[in-house]
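Q: Sending over entry.txt (compact mmCIF, C-alpha atoms).
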# COMPACT_ATOMS: atom_id res chain seq x y z
CA MET A 19 5.38 -115.72 -78.25
CA SER A 20 8.33 -114.30 -76.30
CA ALA A 21 9.69 -110.79 -76.76
CA PRO A 22 13.08 -110.41 -78.48
CA THR A 23 16.06 -110.51 -76.12
CA SER A 24 17.26 -106.99 -77.05
CA ARG A 25 13.91 -105.46 -76.10
CA VAL A 26 13.87 -107.27 -72.77
CA SER A 27 17.34 -106.00 -71.86
CA PHE A 28 16.42 -102.47 -73.00
CA ASN A 29 13.31 -102.45 -70.83
CA ARG A 30 15.30 -103.74 -67.88
CA ARG A 31 17.96 -101.04 -68.33
CA THR A 32 15.26 -98.39 -68.68
CA LEU A 33 13.55 -99.51 -65.48
CA LEU A 34 16.83 -99.58 -63.59
CA ARG A 35 17.71 -96.11 -64.85
CA ALA A 36 14.24 -94.77 -63.98
CA GLY A 37 14.52 -96.31 -60.51
CA ALA A 38 17.88 -94.66 -59.93
CA GLY A 39 16.51 -91.34 -61.16
CA MET A 40 13.49 -91.58 -58.86
CA ALA A 41 15.79 -92.36 -55.95
CA GLY A 42 17.76 -89.22 -56.79
CA ILE A 43 14.60 -87.12 -56.84
CA LEU A 44 13.50 -88.51 -53.48
CA ALA A 45 16.96 -87.90 -52.02
CA THR A 46 17.36 -84.28 -53.23
CA GLY A 47 13.71 -83.19 -53.21
CA ARG A 48 13.80 -81.83 -56.75
CA ALA A 49 13.66 -83.00 -60.34
CA PRO A 50 16.92 -83.55 -62.24
CA ALA A 51 18.17 -80.55 -64.22
CA PHE A 52 17.17 -81.90 -67.63
CA ALA A 53 13.51 -82.04 -66.52
CA GLN A 54 13.34 -78.39 -65.45
CA ALA A 55 12.02 -76.14 -68.23
CA GLN A 56 13.82 -72.85 -68.64
CA PRO A 57 11.63 -69.79 -67.95
CA LYS A 58 10.57 -67.83 -71.03
CA LYS A 59 12.28 -64.43 -70.82
CA LEU A 60 10.20 -61.42 -71.88
CA VAL A 61 11.82 -57.97 -71.80
CA PHE A 62 9.70 -54.80 -71.64
CA ALA A 63 11.55 -51.62 -72.71
CA HIS A 64 10.20 -48.19 -71.84
CA ILE A 65 11.63 -44.71 -72.36
CA ASN A 66 11.05 -43.46 -68.80
CA ALA A 67 11.99 -44.80 -65.40
CA ILE A 68 10.03 -44.88 -62.16
CA PRO A 69 8.40 -42.61 -60.86
CA GLU A 70 6.78 -41.97 -64.26
CA SER A 71 3.24 -43.38 -64.05
CA ALA A 72 3.51 -45.97 -66.84
CA ALA A 73 6.93 -47.10 -65.59
CA ILE A 74 5.48 -47.80 -62.14
CA ALA A 75 2.58 -49.79 -63.61
CA PHE A 76 4.60 -51.84 -66.10
CA ASP A 77 7.29 -52.64 -63.54
CA TRP A 78 4.48 -53.96 -61.34
CA MET A 79 3.08 -55.92 -64.27
CA ALA A 80 6.45 -57.55 -64.97
CA LYS A 81 6.88 -58.66 -61.38
CA GLU A 82 3.29 -59.99 -61.20
CA ALA A 83 3.62 -61.92 -64.46
CA THR A 84 6.78 -63.63 -63.22
CA ALA A 85 5.20 -64.46 -59.85
CA GLN A 86 1.79 -65.57 -61.13
CA SER A 87 3.33 -67.77 -63.83
CA LYS A 88 5.30 -69.45 -61.01
CA GLY A 89 8.52 -68.64 -62.82
CA ALA A 90 7.49 -70.06 -66.20
CA LEU A 91 7.75 -66.49 -67.48
CA ASP A 92 10.66 -64.25 -66.57
CA VAL A 93 9.31 -60.77 -67.36
CA GLN A 94 11.82 -57.96 -66.94
CA PHE A 95 11.02 -54.24 -67.11
CA PHE A 96 13.66 -51.71 -68.15
CA GLY A 97 12.75 -48.04 -67.79
CA LYS A 98 15.14 -45.60 -69.49
CA THR A 99 18.17 -47.85 -69.05
CA LEU A 100 17.90 -50.23 -72.02
CA ILE A 101 17.03 -48.13 -75.10
CA PRO A 102 17.02 -44.29 -74.95
CA GLN A 103 14.43 -43.27 -77.57
CA GLU A 104 10.79 -44.16 -78.22
CA LEU A 105 11.23 -44.99 -81.91
CA GLU A 106 14.26 -47.19 -81.20
CA ILE A 107 12.22 -49.10 -78.63
CA MET A 108 9.45 -49.74 -81.12
CA ASN A 109 11.91 -50.87 -83.81
CA ALA A 110 13.36 -53.34 -81.29
CA VAL A 111 9.89 -54.74 -80.54
CA LYS A 112 9.04 -55.00 -84.24
CA SER A 113 12.27 -56.93 -84.87
CA GLY A 114 11.73 -59.16 -81.82
CA SER A 115 15.00 -58.21 -80.12
CA VAL A 116 12.84 -57.20 -77.16
CA ALA A 117 9.41 -58.69 -76.53
CA MET A 118 7.41 -55.67 -75.38
CA GLY A 119 7.48 -51.90 -75.37
CA SER A 120 5.52 -48.70 -75.60
CA PRO A 121 5.85 -45.76 -77.98
CA ALA A 122 4.94 -43.53 -74.99
CA GLY A 123 4.08 -40.06 -76.33
CA ALA A 124 5.20 -40.98 -79.86
CA ALA A 125 2.23 -43.30 -80.50
CA ALA A 126 0.88 -41.33 -83.45
CA THR A 127 4.36 -41.27 -85.03
CA VAL A 128 4.63 -45.05 -84.83
CA PHE A 129 0.93 -45.76 -85.42
CA PRO A 130 -0.63 -43.08 -87.65
CA GLU A 131 -3.87 -45.08 -87.35
CA MET A 132 -4.24 -43.57 -83.86
CA GLY A 133 -3.80 -39.99 -85.06
CA ALA A 134 -7.48 -39.01 -85.06
CA LEU A 135 -7.60 -39.38 -81.28
CA LEU A 136 -4.91 -36.71 -80.92
CA VAL A 137 -6.66 -34.01 -82.93
CA PRO A 138 -7.00 -31.08 -80.47
CA TYR A 139 -10.29 -31.06 -78.55
CA LEU A 140 -11.83 -33.93 -80.54
CA VAL A 141 -11.78 -36.33 -77.55
CA LYS A 142 -14.04 -34.65 -75.03
CA ASP A 143 -13.10 -36.20 -71.70
CA TYR A 144 -11.55 -39.19 -69.95
CA ALA A 145 -14.79 -41.17 -69.75
CA SER A 146 -15.22 -40.99 -73.52
CA ALA A 147 -11.58 -41.87 -74.17
CA TYR A 148 -11.64 -44.92 -71.92
CA ALA A 149 -14.90 -46.22 -73.36
CA MET A 150 -13.68 -45.77 -76.94
CA LEU A 151 -10.30 -47.44 -76.45
CA ASN A 152 -11.65 -50.33 -74.37
CA GLY A 153 -14.45 -50.83 -76.87
CA ARG A 154 -15.11 -51.05 -80.58
CA ILE A 155 -12.77 -48.24 -81.66
CA GLY A 156 -9.89 -49.76 -79.69
CA ASP A 157 -10.62 -53.21 -81.14
CA LYS A 158 -10.57 -51.79 -84.66
CA LEU A 159 -7.25 -49.99 -84.07
CA SER A 160 -5.72 -53.12 -82.50
CA LYS A 161 -6.63 -55.18 -85.57
CA GLN A 162 -5.03 -52.59 -87.88
CA ILE A 163 -1.86 -52.49 -85.75
CA GLU A 164 -1.63 -56.27 -85.72
CA ASP A 165 -2.12 -56.52 -89.48
CA ASN A 166 0.15 -53.60 -90.40
CA TYR A 167 3.02 -54.02 -87.95
CA LYS A 168 2.83 -57.60 -86.60
CA LEU A 169 2.38 -56.32 -83.07
CA LYS A 170 -0.12 -57.44 -80.45
CA VAL A 171 -1.72 -54.56 -78.53
CA LEU A 172 -1.73 -55.46 -74.83
CA CYS A 173 -3.56 -52.33 -73.70
CA TYR A 174 -4.20 -48.68 -74.41
CA PHE A 175 -3.36 -46.10 -71.81
CA ASP A 176 -2.70 -42.40 -71.77
CA TYR A 177 -0.71 -39.61 -70.20
CA GLY A 178 -3.79 -37.46 -70.09
CA PHE A 179 -4.56 -34.16 -71.73
CA ARG A 180 -1.56 -32.02 -72.61
CA HIS A 181 -0.95 -28.57 -71.15
CA PHE A 182 1.69 -25.97 -71.92
CA TRP A 183 4.81 -25.54 -69.83
CA THR A 184 6.78 -22.37 -70.45
CA ALA A 185 9.65 -20.46 -68.87
CA LYS A 186 8.87 -16.78 -69.51
CA LYS A 187 5.11 -16.32 -69.51
CA PRO A 188 1.90 -18.33 -69.10
CA ILE A 189 -0.29 -19.30 -72.08
CA VAL A 190 -3.80 -18.12 -71.16
CA GLU A 191 -5.28 -17.44 -74.62
CA PRO A 192 -4.26 -18.28 -78.19
CA LYS A 193 -2.53 -14.95 -78.82
CA ASP A 194 -0.04 -15.78 -76.03
CA LEU A 195 1.47 -18.45 -78.30
CA ARG A 196 2.57 -15.93 -80.95
CA GLY A 197 6.33 -16.08 -81.47
CA MET A 198 6.70 -18.97 -78.99
CA LYS A 199 8.88 -21.93 -80.01
CA ILE A 200 7.09 -24.95 -78.56
CA ARG A 201 8.62 -28.43 -78.54
CA VAL A 202 6.31 -31.12 -79.93
CA GLN A 203 6.39 -34.85 -80.47
CA GLN A 204 7.43 -35.82 -83.98
CA ALA A 205 3.98 -36.82 -85.28
CA LYS A 206 2.46 -34.32 -87.71
CA ILE A 207 -0.68 -33.79 -85.62
CA PHE A 208 1.33 -32.26 -82.76
CA GLY A 209 3.03 -29.76 -85.04
CA ASP A 210 -0.27 -28.90 -86.70
CA THR A 211 -1.81 -28.33 -83.25
CA ILE A 212 0.79 -25.80 -82.10
CA ASN A 213 1.03 -24.02 -85.46
CA GLY A 214 -2.77 -23.93 -85.79
CA LEU A 215 -3.22 -22.51 -82.30
CA GLY A 216 -0.72 -19.74 -83.05
CA GLY A 217 2.70 -20.94 -81.91
CA SER A 218 5.77 -22.22 -83.71
CA ALA A 219 6.20 -26.00 -83.42
CA VAL A 220 9.68 -27.51 -82.93
CA PRO A 221 9.60 -31.33 -83.42
CA MET A 222 12.06 -32.98 -81.04
CA ALA A 223 12.65 -36.35 -79.35
CA TRP A 224 12.09 -36.27 -75.59
CA GLY A 225 15.75 -37.02 -74.82
CA GLU A 226 16.78 -33.60 -76.21
CA VAL A 227 14.11 -31.47 -74.51
CA ILE A 228 15.70 -30.47 -71.19
CA THR A 229 18.96 -29.40 -72.84
CA ALA A 230 17.09 -27.46 -75.55
CA ALA A 231 15.04 -25.64 -72.91
CA LYS A 232 18.14 -24.73 -70.88
CA GLN A 233 19.84 -23.39 -74.01
CA GLY A 234 16.81 -21.36 -75.12
CA VAL A 235 16.34 -23.38 -78.32
CA ILE A 236 12.69 -23.76 -77.26
CA ASP A 237 10.47 -21.54 -75.13
CA GLY A 238 8.45 -24.42 -73.76
CA GLY A 239 6.51 -27.52 -74.64
CA ASP A 240 3.48 -29.47 -73.53
CA LEU A 241 2.97 -32.38 -71.15
CA PRO A 242 0.21 -33.81 -68.99
CA ILE A 243 0.36 -32.79 -65.34
CA VAL A 244 1.38 -36.27 -64.19
CA ASN A 245 4.55 -36.09 -66.29
CA MET A 246 5.42 -32.46 -65.55
CA LYS A 247 6.28 -33.67 -62.07
CA ALA A 248 7.68 -37.11 -62.91
CA LEU A 249 9.94 -35.78 -65.69
CA LYS A 250 11.05 -32.77 -63.59
CA ILE A 251 10.00 -30.19 -66.16
CA TYR A 252 9.86 -27.67 -63.29
CA GLU A 253 13.66 -27.50 -63.57
CA VAL A 254 13.36 -25.61 -66.89
CA SER A 255 9.89 -24.01 -66.74
CA LYS A 256 8.00 -21.65 -64.50
CA TYR A 257 4.40 -21.86 -65.76
CA ALA A 258 1.91 -24.65 -66.33
CA SER A 259 -1.09 -23.46 -68.36
CA LEU A 260 -4.11 -25.79 -68.32
CA THR A 261 -5.28 -25.84 -71.93
CA TYR A 262 -6.30 -29.53 -72.35
CA HIS A 263 -5.39 -29.22 -76.03
CA ASN A 264 -4.36 -32.78 -77.03
CA TYR A 265 -5.52 -36.04 -75.51
CA GLY A 266 -2.50 -38.36 -75.31
CA PRO A 267 -3.41 -41.98 -76.03
CA THR A 268 -0.69 -44.58 -76.41
CA ASN A 269 -0.35 -48.32 -75.96
CA ALA A 270 1.80 -51.23 -74.88
CA VAL A 271 2.55 -53.85 -77.52
CA MET A 272 4.25 -57.24 -77.88
CA ASN A 273 6.01 -58.69 -80.90
CA LEU A 274 3.31 -60.84 -82.54
CA GLU A 275 5.56 -63.86 -83.15
CA ILE A 276 6.61 -63.88 -79.50
CA TRP A 277 2.95 -63.47 -78.45
CA ASN A 278 1.94 -66.43 -80.61
CA GLY A 279 4.66 -68.48 -78.93
CA LEU A 280 3.00 -68.10 -75.52
CA SER A 281 0.56 -70.69 -74.22
CA PRO A 282 -3.13 -69.64 -74.07
CA GLU A 283 -2.80 -69.54 -70.28
CA HIS A 284 0.15 -67.14 -70.42
CA GLN A 285 -1.52 -65.01 -73.10
CA LYS A 286 -4.52 -64.58 -70.79
CA LEU A 287 -2.25 -63.74 -67.87
CA MET A 288 -0.43 -61.06 -69.85
CA MET A 289 -3.69 -59.52 -71.10
CA ASP A 290 -5.24 -59.51 -67.63
CA LEU A 291 -2.17 -57.88 -66.07
CA SER A 292 -1.93 -55.35 -68.91
CA ARG A 293 -5.51 -54.28 -68.27
CA ALA A 294 -4.74 -53.96 -64.54
CA ALA A 295 -1.66 -51.84 -65.40
CA GLN A 296 -3.88 -49.71 -67.64
CA GLU A 297 -6.15 -48.97 -64.69
CA LYS A 298 -3.19 -47.97 -62.51
CA ILE A 299 -1.86 -45.53 -65.13
CA ARG A 300 -5.28 -44.02 -65.79
CA GLU A 301 -5.83 -43.44 -62.09
CA ALA A 302 -2.42 -41.78 -61.71
CA THR A 303 -3.02 -39.60 -64.77
CA GLU A 304 -6.59 -38.47 -64.18
CA SER A 305 -6.27 -37.91 -60.44
CA VAL A 306 -3.94 -34.92 -60.88
CA ASP A 307 -5.45 -33.44 -64.04
CA ASN A 308 -7.42 -30.58 -62.51
CA PHE A 309 -6.56 -27.08 -61.33
CA ALA A 310 -6.57 -27.72 -57.57
CA LYS A 311 -4.48 -30.89 -57.76
CA ALA A 312 -2.08 -29.42 -60.32
CA LYS A 313 -1.42 -26.47 -58.01
CA ALA A 314 -0.81 -28.83 -55.10
CA GLU A 315 1.57 -30.94 -57.17
CA LEU A 316 3.55 -28.28 -59.03
CA GLU A 317 3.55 -25.02 -57.06
CA PRO A 318 5.71 -26.41 -54.21
CA LEU A 319 8.25 -27.20 -56.95
CA GLY A 320 8.37 -23.56 -58.09
CA MET A 321 5.84 -23.55 -60.95
CA THR A 322 2.81 -21.31 -61.24
CA VAL A 323 -0.35 -23.06 -62.44
CA VAL A 324 -2.86 -21.01 -64.43
CA GLU A 325 -6.24 -21.78 -65.98
CA ALA A 326 -6.37 -21.03 -69.70
CA LYS A 327 -9.39 -19.92 -71.74
CA VAL A 328 -10.10 -23.40 -73.07
CA ASP A 329 -13.17 -22.39 -75.08
CA GLU A 330 -11.09 -19.91 -77.09
CA PHE A 331 -8.46 -22.55 -77.87
CA ARG A 332 -11.17 -25.04 -78.84
CA LYS A 333 -12.77 -22.54 -81.22
CA VAL A 334 -9.44 -21.88 -82.98
CA ALA A 335 -8.78 -25.62 -83.28
CA GLN A 336 -12.20 -26.30 -84.77
CA GLN A 337 -11.72 -23.55 -87.36
CA LYS A 338 -8.08 -24.05 -88.34
CA ILE A 339 -7.14 -27.67 -87.57
CA TRP A 340 -10.25 -29.83 -87.73
CA PRO A 341 -11.21 -29.51 -91.42
CA ALA A 342 -8.12 -31.24 -92.88
CA TYR A 343 -8.25 -34.09 -90.37
CA LYS A 344 -11.98 -34.59 -90.70
CA SER A 345 -11.58 -35.33 -94.39
CA GLN A 346 -8.52 -37.53 -93.73
CA TYR A 347 -10.12 -39.81 -91.14
CA GLY A 348 -13.66 -39.93 -92.52
CA ALA A 349 -15.76 -42.57 -90.78
CA LEU A 350 -13.40 -42.86 -87.77
CA TRP A 351 -13.65 -39.10 -87.25
CA ASP A 352 -17.43 -39.24 -87.28
CA GLU A 353 -17.39 -42.12 -84.80
CA ILE A 354 -15.12 -40.22 -82.38
CA GLU A 355 -16.88 -36.86 -82.73
CA GLY A 356 -20.31 -38.38 -82.20
CA PHE A 357 -19.27 -40.80 -79.45
CA LYS A 358 -21.37 -40.85 -76.31
CA VAL A 359 -20.60 -42.86 -73.19
Please rewrite the model in this file as structure tokens.

A:
Amino acid sequence: MSAPTSRVSFNRRTLLRAGAGMAGILATGRAPAFAQAQPKKLVFAHINAIPESAAIAFDWMAKEATAQSKGALDVQFFGKTLIPQELEIMNAVKSGSVAMGSPAGAAATVFPEMGALLVPYLVKDYASAYAMLNGRIGDKLSKQIEDNYKLKVLCYFDYGFRHFWTAKKPIVEPKDLRGMKIRVQQAKIFGDTINGLGGSAVPMAWGEVITAAKQGVIDGGDLPIVNMKALKIYEVSKYASLTYHNYGPTNAVMNLEIWNGLSPEHQKLMMDLSRAAQEKIREATESVDNFAKAKAELEPLGMTVVEAKVDEFRKVAQQKIWPAYKSQYGALWDEIEGFKV
């Protein structure tokens, strides 16, 4: 039985067209435009620019993702230039107008689920923090964030333990905070920390801090050592007092719908590179968070680094701040307080 005439002519035309197309490919050395898939563009917005530690790591991650995906992904990092405030960045990620971002120091404002980790002196050291966040506690928090906000946690990282920076005097013991107006992140736990330790907390977005310090609206604030240098806080402060009062965990997240639109191969690539970026940030943070290194980093810039009476601050925190948060976080609190590496 012979094939219908129309089908024969269609097949012949198709073969002729395919032959011509193949000839074109052989002549030019590349596929025709319609066969080339457009790269999937993924924008990462971050509040700070290089040389801030996370900015360096996530810029590296973006470049690696683009290269290792052989151009199938076009990952672009914008530090400081795209969106000026942490909460605006996170709203953009939630809405999907940008793919990825970090709440930076405002993590507990955006994700109250993480607040227990910021209670002063509850997280004992870096080893404990890393093991918790790369383990069961981190997995539990990631599931809550995914369910509650439709965001995929790529990794947890931190800016280290926070220390006071001040213009007029160092903060060596709790009584030194009396009458001091200290800028804090906008999450409640930061305000409770400063007020509980004896100071007067002034909640303020990072973008307003330098101007407020120059105008005397605040007497100081707190930052990890790595960011005192990167954010040029030495321009408005004279003293860095090593109190280690709040551990500063945060994360990098992707809009869940955009994440689900990636192939399994690209999801694995993004997770692997996020974990590598995490390691870079942790190394940068922890390597300078000690008295000798802090002096070497900050004193050439005009700051004086002092060691505070950490045990006295811890005792005040345990008495005045811990009780309310222990009852609020319940089982998670017990897990963190009793955690052993």

Q: Compile the contact shell of stretch 165-179 of chain A as a ChimeraX atom specification: residues with an atom at most 9 Å away, counting all atoms listed in the file, same-chain residues fewer than 4 positions apart removed.

A: /A:71-72,111-112,122-123,129,143-144,148,151-152,156,160-161,241-245,261-275,277,288-290,292-293,295-297,299-300,302-304,307

Q: Would you save the residues from that selection as a CSV table (one decimal), keeping the file's coordinate frame, using C-alpha atoms?

A:
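The result, written out as out_6.csv:
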chain,number,residue,atom,x,y,z
A,71,SER,CA,3.2,-43.4,-64.0
A,72,ALA,CA,3.5,-46.0,-66.8
A,111,VAL,CA,9.9,-54.7,-80.5
A,112,LYS,CA,9.0,-55.0,-84.2
A,122,ALA,CA,4.9,-43.5,-75.0
A,123,GLY,CA,4.1,-40.1,-76.3
A,129,PHE,CA,0.9,-45.8,-85.4
A,143,ASP,CA,-13.1,-36.2,-71.7
A,144,TYR,CA,-11.6,-39.2,-70.0
A,148,TYR,CA,-11.6,-44.9,-71.9
A,151,LEU,CA,-10.3,-47.4,-76.4
A,152,ASN,CA,-11.6,-50.3,-74.4
A,156,GLY,CA,-9.9,-49.8,-79.7
A,160,SER,CA,-5.7,-53.1,-82.5
A,161,LYS,CA,-6.6,-55.2,-85.6
A,241,LEU,CA,3.0,-32.4,-71.2
A,242,PRO,CA,0.2,-33.8,-69.0
A,243,ILE,CA,0.4,-32.8,-65.3
A,244,VAL,CA,1.4,-36.3,-64.2
A,245,ASN,CA,4.6,-36.1,-66.3
A,261,THR,CA,-5.3,-25.8,-71.9
A,262,TYR,CA,-6.3,-29.5,-72.4
A,263,HIS,CA,-5.4,-29.2,-76.0
A,264,ASN,CA,-4.4,-32.8,-77.0
A,265,TYR,CA,-5.5,-36.0,-75.5
A,266,GLY,CA,-2.5,-38.4,-75.3
A,267,PRO,CA,-3.4,-42.0,-76.0
A,268,THR,CA,-0.7,-44.6,-76.4
A,269,ASN,CA,-0.4,-48.3,-76.0
A,270,ALA,CA,1.8,-51.2,-74.9
A,271,VAL,CA,2.6,-53.8,-77.5
A,272,MET,CA,4.2,-57.2,-77.9
A,273,ASN,CA,6.0,-58.7,-80.9
A,274,LEU,CA,3.3,-60.8,-82.5
A,275,GLU,CA,5.6,-63.9,-83.2
A,277,TRP,CA,3.0,-63.5,-78.4
A,288,MET,CA,-0.4,-61.1,-69.8
A,289,MET,CA,-3.7,-59.5,-71.1
A,290,ASP,CA,-5.2,-59.5,-67.6
A,292,SER,CA,-1.9,-55.4,-68.9
A,293,ARG,CA,-5.5,-54.3,-68.3
A,295,ALA,CA,-1.7,-51.8,-65.4
A,296,GLN,CA,-3.9,-49.7,-67.6
A,297,GLU,CA,-6.2,-49.0,-64.7
A,299,ILE,CA,-1.9,-45.5,-65.1
A,300,ARG,CA,-5.3,-44.0,-65.8
A,302,ALA,CA,-2.4,-41.8,-61.7
A,303,THR,CA,-3.0,-39.6,-64.8
A,304,GLU,CA,-6.6,-38.5,-64.2
A,307,ASP,CA,-5.4,-33.4,-64.0

Q: For atom CA of A:Leu291 and atom CA of A:Met108, determine how far apart the two atoms are, in Å to one decimal place.

A: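 One can read the atom CA of A:Leu291 to atom CA of A:Met108 distance as 20.7 Å.
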
Q: As an exercise, work out the distance from atom CA of A:Arg180 to atom CA of A:Thr322 in Å and give it to one decimal place.

A: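 According to the coordinates, atom CA of A:Arg180 and atom CA of A:Thr322 are separated by 16.2 Å.
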
Q: To one decimal place, how far is atom CA of A:Val334 from atom CA of A:Leu316 in Å?

A: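 Straight-line distance from atom CA of A:Val334 to atom CA of A:Leu316 works out to 28.0 Å.
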
Q: Which of these, A:Ile74, A:Ala117, A:Leu135, A:Leu140, has the shortest distance to A:Gly356 once you count all atoms listed in the file?

A: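 Smallest separation from A:Gly356 among the options: A:Leu140.
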
Q: So which one's closest to A:Asp194, A:Lys250, A:Glu330, A:Gly97, A:Glu226? Using all atoms listed in the file, please.

A: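 Looking only at the distances to A:Asp194, the closest residue turns out to be A:Glu330.
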
Q: Given the point (14.3, -39.4, -71.6) in the coordinates of this file, which residues lie within 9 Å, counting all atoms listed in the file, and how would they look as a PyMOL selection string?

A: chain A and resi 65-67+98+102-104+223-227+249

Q: Can you tell me, as a count of residues only, what residues are no more than 12 Å from A:Asp210 when counting all atoms listed in the file, ignoring any on the same chain fewer than 3 positions away?

A: 29

Q: Measuring atom to atom with only C-alpha atoms, identify which of A:Gly119, A:Glu353, A:Lys59, A:Ile107 is nearest to A:Gln94.

A: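 Of A:Gly119, A:Glu353, A:Lys59, A:Ile107, the one nearest A:Gln94 is A:Lys59, counting only C-alpha atoms.
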
Q: So, counting only C-alpha atoms, which residue among A:Ala73, A:Met321, A:Ala85, A:Ala134 is closest to A:Ala349?

A: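 Going through A:Ala73, A:Met321, A:Ala85, A:Ala134 one by one, the smallest distance to A:Ala349 is for A:Ala134.
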
Q: I'd like to know which of A:Thr84, A:Thr229, A:Tyr139, A:Pro57 is closest to A:Gln336, using all atoms listed in the file.

A: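 Of A:Thr84, A:Thr229, A:Tyr139, A:Pro57, the one nearest A:Gln336, counting all atoms listed in the file, is A:Tyr139.
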
Q: Could you tell me which of A:Gln233, A:Ser146, A:Thr184, A:Asn109 comes closest to A:Met246 if we count only C-alpha atoms?

A: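 Looking only at the distances to A:Met246, the closest residue turns out to be A:Thr184.
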
Q: Determine, counting only C-alpha atoms, which protein, DNA and RNA residues have an atom within 10 Å of an atom of A:Glu253; residues of the same chain fewer than 4 positions away are not included. Present the result as a list in words.

A: Ala185, Ile228, Ala231, Lys232, Met246, Lys247, Leu249, Leu319, Gly320 and Met321 of chain A

Q: Specify the axis-aligned box that encloses all atoms of stretch 298-301 of chain A listed in the file after padding of 6 Å on each side, stating its centre and edge lengths in Å to one decimal as JSON.

A:
{"center_x": -3.8, "center_y": -45.7, "center_z": -63.9, "size_x": 16.0, "size_y": 16.5, "size_z": 15.7}
